[in-house]
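Containing mmCIF, C-alpha atoms: input-v8.cif.
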```
data_entry
loop_
_atom_site.label_atom_id
_atom_site.label_comp_id
_atom_site.auth_asym_id
_atom_site.auth_seq_id
_atom_site.Cartn_x
_atom_site.Cartn_y
_atom_site.Cartn_z
CA MET A 1166 -13.39 5.84 4.77
CA SER A 1167 -12.61 3.07 7.18
CA ALA A 1168 -10.61 0.14 5.88
CA VAL A 1169 -12.93 -2.30 7.56
CA ASP A 1170 -16.35 -0.64 7.35
CA ARG A 1171 -17.44 -1.52 3.84
CA THR A 1172 -20.95 -2.74 4.37
CA SER A 1173 -22.61 0.68 4.09
CA ARG A 1174 -21.34 1.38 0.56
CA ALA A 1175 -22.87 0.20 -2.66
CA MET A 1176 -20.41 -2.14 -4.33
CA PRO A 1177 -20.18 -3.42 -7.87
CA SER A 1178 -22.15 -6.63 -7.61
CA HIS A 1179 -19.78 -8.88 -9.50
CA ILE A 1180 -16.18 -7.94 -10.22
CA ARG A 1181 -14.15 -11.02 -11.09
CA VAL A 1182 -10.55 -10.57 -9.94
CA ALA A 1183 -7.37 -12.46 -10.77
CA VAL A 1184 -4.36 -11.92 -8.52
CA VAL A 1185 -1.14 -12.85 -10.33
CA GLY A 1186 1.73 -13.13 -7.88
CA CYS A 1187 0.91 -14.49 -4.44
CA GLY A 1188 3.49 -12.94 -2.15
CA ALA A 1189 2.54 -10.74 0.78
CA ILE A 1190 1.04 -7.97 -1.36
CA GLY A 1191 -0.86 -10.34 -3.64
CA ARG A 1192 -2.32 -12.17 -0.66
CA GLY A 1193 -3.34 -8.85 0.86
CA TRP A 1194 -5.10 -7.81 -2.36
CA ALA A 1195 -6.87 -11.17 -2.44
CA ALA A 1196 -7.97 -10.88 1.20
CA LEU A 1197 -9.32 -7.40 0.51
CA CYS A 1198 -11.38 -8.55 -2.49
CA VAL A 1199 -12.53 -11.70 -0.72
CA GLY A 1200 -13.64 -9.49 2.17
CA ALA A 1201 -15.91 -7.64 -0.26
CA GLY A 1202 -17.45 -10.91 -1.43
CA TRP A 1203 -15.82 -10.72 -4.86
CA PRO A 1204 -14.73 -13.87 -6.70
CA VAL A 1205 -10.94 -14.14 -6.73
CA VAL A 1206 -8.62 -16.49 -8.61
CA LEU A 1207 -5.03 -16.80 -7.41
CA TYR A 1208 -2.07 -17.59 -9.63
CA ASP A 1209 1.67 -17.84 -9.09
CA ALA A 1210 4.30 -19.52 -11.24
CA ASP A 1211 5.88 -20.96 -8.10
CA ALA A 1212 3.92 -24.06 -7.14
CA ARG A 1213 4.78 -23.92 -3.44
CA THR A 1214 3.76 -20.26 -3.16
CA LEU A 1215 0.49 -21.00 -4.91
CA THR A 1216 -0.21 -23.95 -2.61
CA GLU A 1217 0.38 -21.87 0.52
CA ALA A 1218 -1.46 -18.74 -0.63
CA PRO A 1219 -5.15 -19.73 -0.15
CA GLY A 1220 -4.66 -20.56 3.51
CA GLU A 1221 -3.11 -17.19 4.31
CA VAL A 1222 -5.70 -15.35 2.20
CA GLU A 1223 -8.44 -17.04 4.21
CA GLU A 1224 -6.69 -16.20 7.47
CA ARG A 1225 -6.25 -12.54 6.52
CA ALA A 1226 -9.83 -12.25 5.24
CA ARG A 1227 -11.22 -13.77 8.44
CA ALA A 1228 -9.05 -11.38 10.45
CA LEU A 1229 -11.09 -8.56 8.91
CA VAL A 1230 -14.17 -10.05 10.55
CA SER A 1231 -12.44 -9.94 13.92
CA LEU A 1232 -12.02 -6.21 13.32
CA ASP A 1233 -15.58 -5.70 12.04
CA ARG A 1234 -18.17 -8.46 12.50
CA ALA A 1235 -20.48 -6.87 9.93
CA LEU A 1236 -18.09 -8.14 7.25
CA ALA A 1237 -18.79 -11.81 8.06
CA PRO A 1238 -21.37 -12.46 5.30
CA SER A 1239 -19.26 -10.92 2.51
CA VAL A 1240 -16.11 -12.70 3.72
CA GLU A 1241 -17.91 -16.06 3.67
CA LEU A 1242 -19.23 -15.34 0.19
CA GLY A 1243 -15.77 -14.37 -1.00
CA LEU A 1244 -14.16 -17.45 0.50
CA GLU A 1245 -16.72 -19.68 -1.22
CA GLN A 1246 -15.63 -18.18 -4.55
CA LEU A 1247 -11.86 -18.15 -3.88
CA SER A 1248 -10.01 -20.48 -6.24
CA VAL A 1249 -6.58 -21.29 -7.62
CA GLY A 1250 -5.71 -21.02 -11.29
CA ARG A 1251 -4.08 -24.05 -12.87
CA SER A 1252 -2.45 -21.77 -15.43
CA LEU A 1253 -2.25 -18.09 -16.29
CA LEU A 1254 -5.02 -18.66 -18.83
CA HIS A 1255 -7.22 -20.40 -16.28
CA ALA A 1256 -6.65 -17.59 -13.77
CA CYS A 1257 -7.08 -14.62 -16.10
CA GLY A 1258 -9.39 -15.82 -18.86
CA GLU A 1259 -12.63 -14.66 -17.20
CA ALA A 1260 -11.27 -11.88 -14.99
CA GLU A 1261 -12.44 -8.29 -15.33
CA TRP A 1262 -9.63 -6.95 -13.15
CA ILE A 1263 -6.18 -8.52 -13.17
CA ILE A 1264 -3.91 -7.47 -10.31
CA GLU A 1265 -0.23 -8.15 -10.92
CA ALA A 1266 1.73 -8.46 -7.68
CA ALA A 1267 4.99 -10.07 -8.76
CA ARG A 1268 8.38 -9.18 -7.34
CA GLU A 1269 9.69 -5.65 -7.83
CA ASP A 1270 11.67 -6.23 -11.02
CA LEU A 1271 10.91 -4.41 -14.27
CA GLY A 1272 11.85 -7.28 -16.58
CA THR A 1273 9.69 -9.72 -14.63
CA LYS A 1274 6.72 -7.38 -14.73
CA GLN A 1275 7.13 -6.65 -18.46
CA LYS A 1276 7.16 -10.37 -19.30
CA LEU A 1277 4.18 -10.99 -17.08
CA PHE A 1278 2.14 -8.16 -18.59
CA GLU A 1279 2.99 -9.48 -22.06
CA ALA A 1280 1.87 -12.98 -21.07
CA ILE A 1281 -1.30 -11.67 -19.44
CA GLU A 1282 -2.24 -9.78 -22.58
CA GLU A 1283 -2.28 -13.02 -24.57
CA VAL A 1284 -4.80 -14.71 -22.26
CA ALA A 1285 -6.81 -11.89 -20.65
CA THR A 1286 -9.25 -11.15 -23.44
CA LYS A 1287 -12.10 -10.09 -21.13
CA ALA A 1288 -10.13 -7.95 -18.69
CA ARG A 1289 -11.15 -4.32 -18.42
CA ALA A 1290 -8.05 -3.39 -16.41
CA VAL A 1291 -4.61 -4.90 -15.87
CA THR A 1292 -2.92 -3.20 -12.93
CA SER A 1293 0.53 -3.51 -11.42
CA SER A 1294 1.24 -3.26 -7.71
CA ALA A 1295 4.67 -1.77 -8.42
CA SER A 1296 5.92 0.58 -5.73
CA GLY A 1297 7.85 3.06 -7.85
CA MET A 1298 8.10 2.12 -11.53
CA ASP A 1299 6.83 4.05 -14.53
CA PRO A 1300 3.62 2.36 -15.77
CA LYS A 1301 4.54 3.01 -19.40
CA ASP A 1302 7.70 0.94 -18.88
CA ILE A 1303 5.79 -1.93 -17.26
CA ALA A 1304 3.31 -2.09 -20.17
CA ALA A 1305 5.90 -1.40 -22.86
CA ARG A 1306 5.48 -4.83 -24.51
CA CYS A 1307 1.66 -4.70 -24.54
CA LEU A 1308 -0.51 -3.73 -27.50
CA ARG A 1309 -3.52 -2.76 -25.35
CA GLN A 1310 -1.77 -0.26 -23.14
CA HIS A 1311 -4.99 1.68 -22.67
CA ARG A 1312 -6.11 -0.82 -20.01
CA CYS A 1313 -2.79 -0.84 -18.12
CA LEU A 1314 -1.86 1.24 -15.09
CA VAL A 1315 -0.25 1.00 -11.67
CA VAL A 1316 -2.44 0.57 -8.61
CA HIS A 1317 -0.04 0.55 -5.67
CA PRO A 1318 -1.32 -0.37 -2.19
CA LEU A 1319 0.41 0.09 1.11
CA ASN A 1320 1.14 -2.95 3.23
CA PRO A 1321 -1.05 -4.59 4.48
CA PRO A 1322 -3.39 -3.82 1.55
CA GLU A 1323 -6.50 -5.16 3.26
CA ILE A 1324 -6.15 -2.71 6.16
CA ILE A 1325 -4.40 0.50 5.08
CA PRO A 1326 -6.82 2.36 2.78
CA LEU A 1327 -4.42 4.49 0.73
CA VAL A 1328 -3.84 3.32 -2.85
CA GLU A 1329 -1.68 5.22 -5.33
CA VAL A 1330 -3.13 5.15 -8.84
CA VAL A 1331 -0.57 5.87 -11.53
CA PRO A 1332 -1.81 6.03 -15.13
CA SER A 1333 0.47 6.16 -18.14
CA PRO A 1334 -0.13 8.56 -21.06
CA GLN A 1335 -1.81 5.62 -22.84
CA THR A 1336 -4.22 4.73 -20.01
CA ASP A 1337 -7.85 5.26 -20.94
CA GLY A 1338 -9.22 8.16 -18.88
CA ALA A 1339 -12.63 6.54 -18.51
CA LEU A 1340 -11.01 3.32 -17.29
CA LEU A 1341 -9.09 5.31 -14.69
CA GLU A 1342 -12.41 6.44 -13.23
CA VAL A 1343 -13.75 2.87 -13.30
CA VAL A 1344 -10.74 1.57 -11.37
CA LYS A 1345 -11.05 4.38 -8.83
CA GLY A 1346 -14.68 3.32 -8.37
CA TRP A 1347 -13.65 -0.28 -7.74
CA LEU A 1348 -11.12 0.88 -5.18
CA ARG A 1349 -13.65 3.05 -3.37
CA ALA A 1350 -16.06 0.11 -3.30
CA LEU A 1351 -13.31 -1.83 -1.53
CA GLY A 1352 -12.96 0.90 1.05
CA ARG A 1353 -9.74 2.26 -0.43
CA VAL A 1354 -8.78 5.91 -0.81
CA PRO A 1355 -7.33 6.32 -4.33
CA VAL A 1356 -4.79 9.10 -4.89
CA VAL A 1357 -3.84 9.81 -8.51
CA ILE A 1358 -0.14 10.34 -9.17
CA LYS A 1359 0.04 12.70 -12.13
CA LYS A 1360 3.77 12.32 -12.74
CA PRO A 1361 5.49 8.99 -12.00
CA VAL A 1362 8.66 9.45 -9.96
CA PRO A 1363 10.71 6.76 -8.17
CA GLY A 1364 8.77 5.72 -5.08
CA TYR A 1365 5.67 7.69 -6.15
CA VAL A 1366 4.43 9.84 -3.22
CA ALA A 1367 3.85 7.69 -0.14
CA GLY A 1368 7.06 5.79 -0.75
CA ARG A 1369 9.12 8.95 -1.07
CA LEU A 1370 7.66 10.41 2.11
CA ALA A 1371 8.30 7.16 3.97
CA ALA A 1372 11.84 6.86 2.59
CA ALA A 1373 12.72 10.41 3.58
CA VAL A 1374 11.41 9.97 7.12
CA TRP A 1375 13.09 6.58 7.53
CA ARG A 1376 16.45 7.91 6.31
CA GLU A 1377 16.37 10.55 9.05
CA ALA A 1378 15.12 7.99 11.58
CA ILE A 1379 18.06 5.72 10.77
CA GLU A 1380 20.50 8.61 11.12
CA LEU A 1381 19.12 9.60 14.52
CA VAL A 1382 19.47 6.02 15.78
CA LEU A 1383 22.95 5.36 14.39
CA GLU A 1384 24.25 8.70 15.64
CA GLY A 1385 23.12 7.84 19.16
CA VAL A 1386 20.51 10.59 19.41
CA VAL A 1387 17.73 8.18 20.39
CA ASP A 1388 17.06 4.44 20.75
CA VAL A 1389 15.04 2.52 18.17
CA ALA A 1390 11.95 2.04 20.35
CA ASP A 1391 11.86 5.68 21.46
CA LEU A 1392 12.31 6.85 17.86
CA ASP A 1393 9.33 4.75 16.81
CA ARG A 1394 7.27 6.12 19.69
CA ALA A 1395 8.23 9.69 18.82
CA ALA A 1396 7.11 9.19 15.22
CA SER A 1397 3.94 7.19 15.85
CA VAL A 1398 2.45 9.35 18.62
CA GLY A 1399 3.93 12.57 17.27
CA PRO A 1400 3.98 13.63 13.60
CA ALA A 1401 2.32 10.43 12.36
CA LEU A 1402 -0.66 11.02 14.64
CA GLY A 1403 -1.06 14.58 13.42
CA TRP A 1404 -0.63 13.59 9.80
CA ALA A 1405 -3.25 10.86 10.17
CA ALA A 1406 -5.73 13.60 11.00
CA ALA A 1407 -4.59 16.31 8.63
CA GLY A 1408 -1.48 15.57 6.53
CA PRO A 1409 1.72 17.64 6.63
CA HIS A 1410 0.63 20.69 4.61
CA LEU A 1411 -2.67 21.11 6.42
CA THR A 1412 -0.96 20.54 9.78
CA TYR A 1413 1.36 23.46 9.22
CA HIS A 1414 -1.36 25.56 7.61
CA LEU A 1415 -3.33 25.17 10.84
CA GLY A 1416 -0.23 25.80 12.94
CA ALA A 1417 -0.63 29.60 12.96
CA GLY A 1418 -4.37 29.61 13.54
CA ASP A 1419 -6.43 31.89 11.32
CA ARG A 1420 -3.31 33.44 9.80
CA GLY A 1421 -2.43 30.21 7.98
CA VAL A 1422 0.78 28.92 6.46
CA GLU A 1423 2.06 32.34 5.37
CA ALA A 1424 2.26 33.47 8.99
CA PHE A 1425 3.61 30.08 10.04
CA LEU A 1426 6.50 30.40 7.60
CA GLN A 1427 7.17 33.99 8.57
CA HIS A 1428 7.84 32.89 12.13
CA LEU A 1429 9.33 29.41 11.70
CA LEU A 1430 10.87 29.11 8.24
CA HIS A 1431 14.34 29.91 9.58
CA THR A 1432 14.00 27.14 12.17
CA PHE A 1433 12.96 24.65 9.51
CA GLU A 1434 15.78 25.70 7.20
CA ASN A 1435 18.31 25.08 9.96
CA VAL A 1436 16.87 21.60 10.46
CA TRP A 1437 16.80 20.87 6.71
CA GLN A 1438 20.48 21.74 6.44
CA ASP A 1439 21.27 19.25 9.21
CA LEU A 1440 19.19 16.35 7.88
CA ALA A 1441 20.77 13.10 6.72
CA SER A 1442 21.85 13.46 3.10
CA TRP A 1443 23.35 10.06 2.27
CA SER A 1444 21.75 7.95 -0.46
CA ARG A 1445 23.30 4.55 0.31
CA LEU A 1446 23.42 2.59 3.55
CA ASP A 1447 26.95 1.17 3.67
CA PRO A 1448 27.40 -2.44 4.92
CA GLU A 1449 28.68 -1.48 8.39
CA ARG A 1450 25.87 0.98 9.08
CA ARG A 1451 23.40 -1.55 7.71
CA ARG A 1452 24.65 -4.18 10.19
CA ARG A 1453 24.44 -1.69 13.05
CA LEU A 1454 20.87 -0.79 12.09
CA ILE A 1455 19.78 -4.44 11.92
CA ARG A 1456 21.29 -5.18 15.33
CA ALA A 1457 19.65 -2.11 16.87
CA ILE A 1458 16.19 -3.00 15.54
CA GLU A 1459 16.49 -6.66 16.49
CA ARG A 1460 17.57 -5.72 20.03
CA ALA A 1461 14.63 -3.36 20.36
CA TYR A 1462 12.04 -5.83 19.13
CA ASP A 1463 12.84 -9.32 20.35
CA GLU A 1464 9.19 -10.40 20.57
CA GLN A 1465 7.56 -12.72 18.06
CA VAL A 1466 7.06 -10.98 14.73
CA ASN A 1467 3.60 -12.47 14.19
CA GLU A 1468 2.41 -11.18 17.56
CA MET A 1469 3.73 -7.71 16.79
CA ARG A 1470 2.09 -7.78 13.38
CA GLN A 1471 -1.28 -8.67 14.89
CA THR A 1472 -0.91 -5.87 17.43
CA ARG A 1473 -0.08 -3.41 14.66
CA ASP A 1474 -3.10 -4.49 12.61
CA ARG A 1475 -5.45 -4.09 15.59
CA ARG A 1476 -4.08 -0.61 16.22
CA LEU A 1477 -4.45 0.35 12.57
CA ALA A 1478 -8.04 -0.81 12.54
CA ALA A 1479 -8.81 1.08 15.75
CA ILE A 1480 -7.28 4.28 14.36
CA LEU A 1481 -9.26 3.95 11.14
CA ARG A 1482 -12.50 3.33 13.02
CA ALA A 1483 -11.87 6.39 15.18
CA LEU A 1484 -11.19 8.56 12.12
CA GLU A 1485 -14.35 7.30 10.42
CA HIS A 1486 -16.38 8.01 13.54
CA ALA A 1487 -14.95 11.54 13.71
CA LYS A 1488 -15.87 12.15 10.05
CA ARG A 1489 -19.47 11.10 10.68
CA GLU A 1490 -19.71 13.62 13.49
CA GLU A 1491 -18.31 16.54 11.46
#
```
Let me see the file written as structure tokens.
Amino acid sequence: MSAVDRTSRAMPSHIRVAVVGCGAIGRGWAALCVGAGWPVVLYDADARTLTEAPGEVEERARALVSLDRALAPSVELGLEQLSVGRSLLHACGEAEWIIEAAREDLGTKQKLFEAIEEVATKARAVTSSASGMDPKDIAARCLRQHRCLVVHPLNPPEIIPLVEVVPSPQTDGALLEVVKGWLRALGRVPVVIKKPVPGYVAGRLAAAVWREAIELVLEGVVDVADLDRAASVGPALGWAAAGPHLTYHLGAGDRGVEAFLQHLLHTFENVWQDLASWSRLDPERRRRLIRAIERAYDEQVNEMRQTRDRRLAAILRALEHAKREE
């Protein structure tokens, strides 16, 4: 489903959301929910962050309208209901869904979940936006672990539809289905991670590709900009339509992946043996990488971000249109 075409789906009429942690991910979550017309309360322990958050949430929510004008009524409704919590209790006391989006630190998240449990008596779900932690560790200090799970978006959350849903052994199975329904109503595509591993699935795929991309740049095989072009209009384009397994399954026509591997496995094995294998980016290579990227992209970051978001939205609209014609 398109990240911006939400008007054709039946949505829960009234899901009250609290976003706890108003960095980039928290603001993206808030913009997404505001775009659906849902009431959102923002909270952050840092007063400056909390003061700045509503303005960016409004900007990001209105940007969705520039991508799809049909969203205008729900965005306006959501913005009318957007508010700031004076305290964690004020933010979470009436919320049905509490979205934690604090910094990526286990101790911080554990303390926050413990504090949320004391004030969030009406919440059906308390979810963490963690990008690679075990949900049972995040909720370890909570008594009501059945309502806790990870719901990890990609950045920017209001545009990219994939969301990784990671339950713990204690997560209520029925609640898992409820949360997946909320996500679908927001135009997200939930993918359940059955076994939590560092980085989950999308993060591991991205990390593996980026490690090889860094190696190719630092070894002088290709420049930064050409590497990014090769990825974005090459494998990434094919994966957007089919994903890696299906891409290779289709690669041998009707004979499928078995025939594909019969002919090309040796080639792939040679490449796998030559891939980057390091696990740490030493300081010198890190400096070289930063300089290379900064030289390649000396434009304004905000302008490049807006261009990226427009391209993402256009790709998603094209995919949705193709699905309707299938």
Hey, what comes out of the PyMOL selection byres ((chain A and resi 1406-1417) around 12) on this file? Could you write it as a PyMOL selection string?
chain A and resi 1367+1370+1398-1405+1418-1430+1433+1480-1481+1483-1485+1487-1488
Return as a compact mmCIF listing (two decimals) with C-alpha atoms, keeping the file's coordinate frame the set of residues that the PyMOL selection byres ((chain A and resi 1216) around 12) yields on the displayed structure.
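Output file result_6.txt follows:
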```
# COMPACT_ATOMS: atom_id res chain seq x y z
CA CYS A 1187 0.91 -14.49 -4.44
CA GLY A 1188 3.49 -12.94 -2.15
CA LEU A 1207 -5.03 -16.80 -7.41
CA TYR A 1208 -2.07 -17.59 -9.63
CA ASP A 1209 1.67 -17.84 -9.09
CA ALA A 1210 4.30 -19.52 -11.24
CA ASP A 1211 5.88 -20.96 -8.10
CA ALA A 1212 3.92 -24.06 -7.14
CA ARG A 1213 4.78 -23.92 -3.44
CA THR A 1214 3.76 -20.26 -3.16
CA LEU A 1215 0.49 -21.00 -4.91
CA GLU A 1217 0.38 -21.87 0.52
CA ALA A 1218 -1.46 -18.74 -0.63
CA PRO A 1219 -5.15 -19.73 -0.15
CA GLY A 1220 -4.66 -20.56 3.51
CA GLU A 1221 -3.11 -17.19 4.31
CA VAL A 1222 -5.70 -15.35 2.20
CA SER A 1248 -10.01 -20.48 -6.24
CA VAL A 1249 -6.58 -21.29 -7.62
CA GLY A 1250 -5.71 -21.02 -11.29
CA ARG A 1251 -4.08 -24.05 -12.87
```
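Close contacts of stretch 1338-1344 of chain A, defined as residues with an atom at most 8 Å away when counting only C-alpha atoms, with chain neighbours fewer than 4 positions off set aside, comprise Arg1289, Ala1290, Arg1312, Pro1332 and Leu1348 of chain A.
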Restricting the output to C-alpha atoms, write the selected residues as a compact mmCIF listing (two decimals), in the coordinates of the input.
```
# COMPACT_ATOMS: atom_id res chain seq x y z
CA ARG A 1289 -11.15 -4.32 -18.42
CA ALA A 1290 -8.05 -3.39 -16.41
CA ARG A 1312 -6.11 -0.82 -20.01
CA PRO A 1332 -1.81 6.03 -15.13
CA LEU A 1348 -11.12 0.88 -5.18
```
Taking the file as I've supplied it (selection: the PyMOL selection byres ((chain A and resi 1253-1270) around 9)), which residues are included? Please answer as a PyMOL selection string.
chain A and resi 1180-1192+1194+1205-1210+1248-1252+1271-1275+1277-1278+1280-1281+1283-1298+1316+1344
If you count all atoms listed in the file, which residues fall within 10 Å of A:Pro1300, apart from same-chain ones fewer than 6 positions away, as a PDB file with C-alpha atoms, in the coordinates of the input?
```pdb
ATOM      1  CA  THR A1292      -2.920  -3.200 -12.930  1.00  0.00           C
ATOM      2  CA  SER A1293       0.530  -3.510 -11.420  1.00  0.00           C
ATOM      3  CA  GLN A1310      -1.770  -0.260 -23.140  1.00  0.00           C
ATOM      4  CA  CYS A1313      -2.790  -0.840 -18.120  1.00  0.00           C
ATOM      5  CA  LEU A1314      -1.860   1.240 -15.090  1.00  0.00           C
ATOM      6  CA  VAL A1315      -0.250   1.000 -11.670  1.00  0.00           C
ATOM      7  CA  VAL A1316      -2.440   0.570  -8.610  1.00  0.00           C
ATOM      8  CA  VAL A1331      -0.570   5.870 -11.530  1.00  0.00           C
ATOM      9  CA  PRO A1332      -1.810   6.030 -15.130  1.00  0.00           C
ATOM     10  CA  SER A1333       0.470   6.160 -18.140  1.00  0.00           C
ATOM     11  CA  PRO A1334      -0.130   8.560 -21.060  1.00  0.00           C
ATOM     12  CA  GLN A1335      -1.810   5.620 -22.840  1.00  0.00           C
ATOM     13  CA  THR A1336      -4.220   4.730 -20.010  1.00  0.00           C
ATOM     14  CA  PRO A1361       5.490   8.990 -12.000  1.00  0.00           C
TER      15      PRO A1361
END
```
Which neighbours of A:Val1199 fall inside 9 Å, counting all atoms listed in the file, when residues of the same chain fewer than 3 positions from it are skipped, and could you give them as a PyMOL selection string?
chain A and resi 1194-1196+1202-1205+1222-1223+1226+1239-1244+1246-1247
Write out as an MDAnalysis selection string the residues lying within 12 Å of A:Arg1473, counting all atoms listed in the file and excluding same-chain residues fewer than 5 positions away.
chainID A and resid 1320:1321 1324:1325 1397 1466:1468 1478:1480
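Picture a line from atom CA of A:Glu1380 to atom CA of A:Pro1326; it runs 29.2 Å.
In this structure, atom CA of A:Asp1337 sits 28.0 Å away from atom CA of A:Gly1200.
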Kindly provide, as JSON, the centre and edge lengths (Å, one decimal) of an axis-aligned box around all atoms of stretch 1265-1279 of chain A given in the file, with 3 Å on each side.
```
{"center_x": 5.8, "center_y": -7.7, "center_z": -14.7, "size_x": 18.1, "size_y": 12.6, "size_z": 20.7}
```
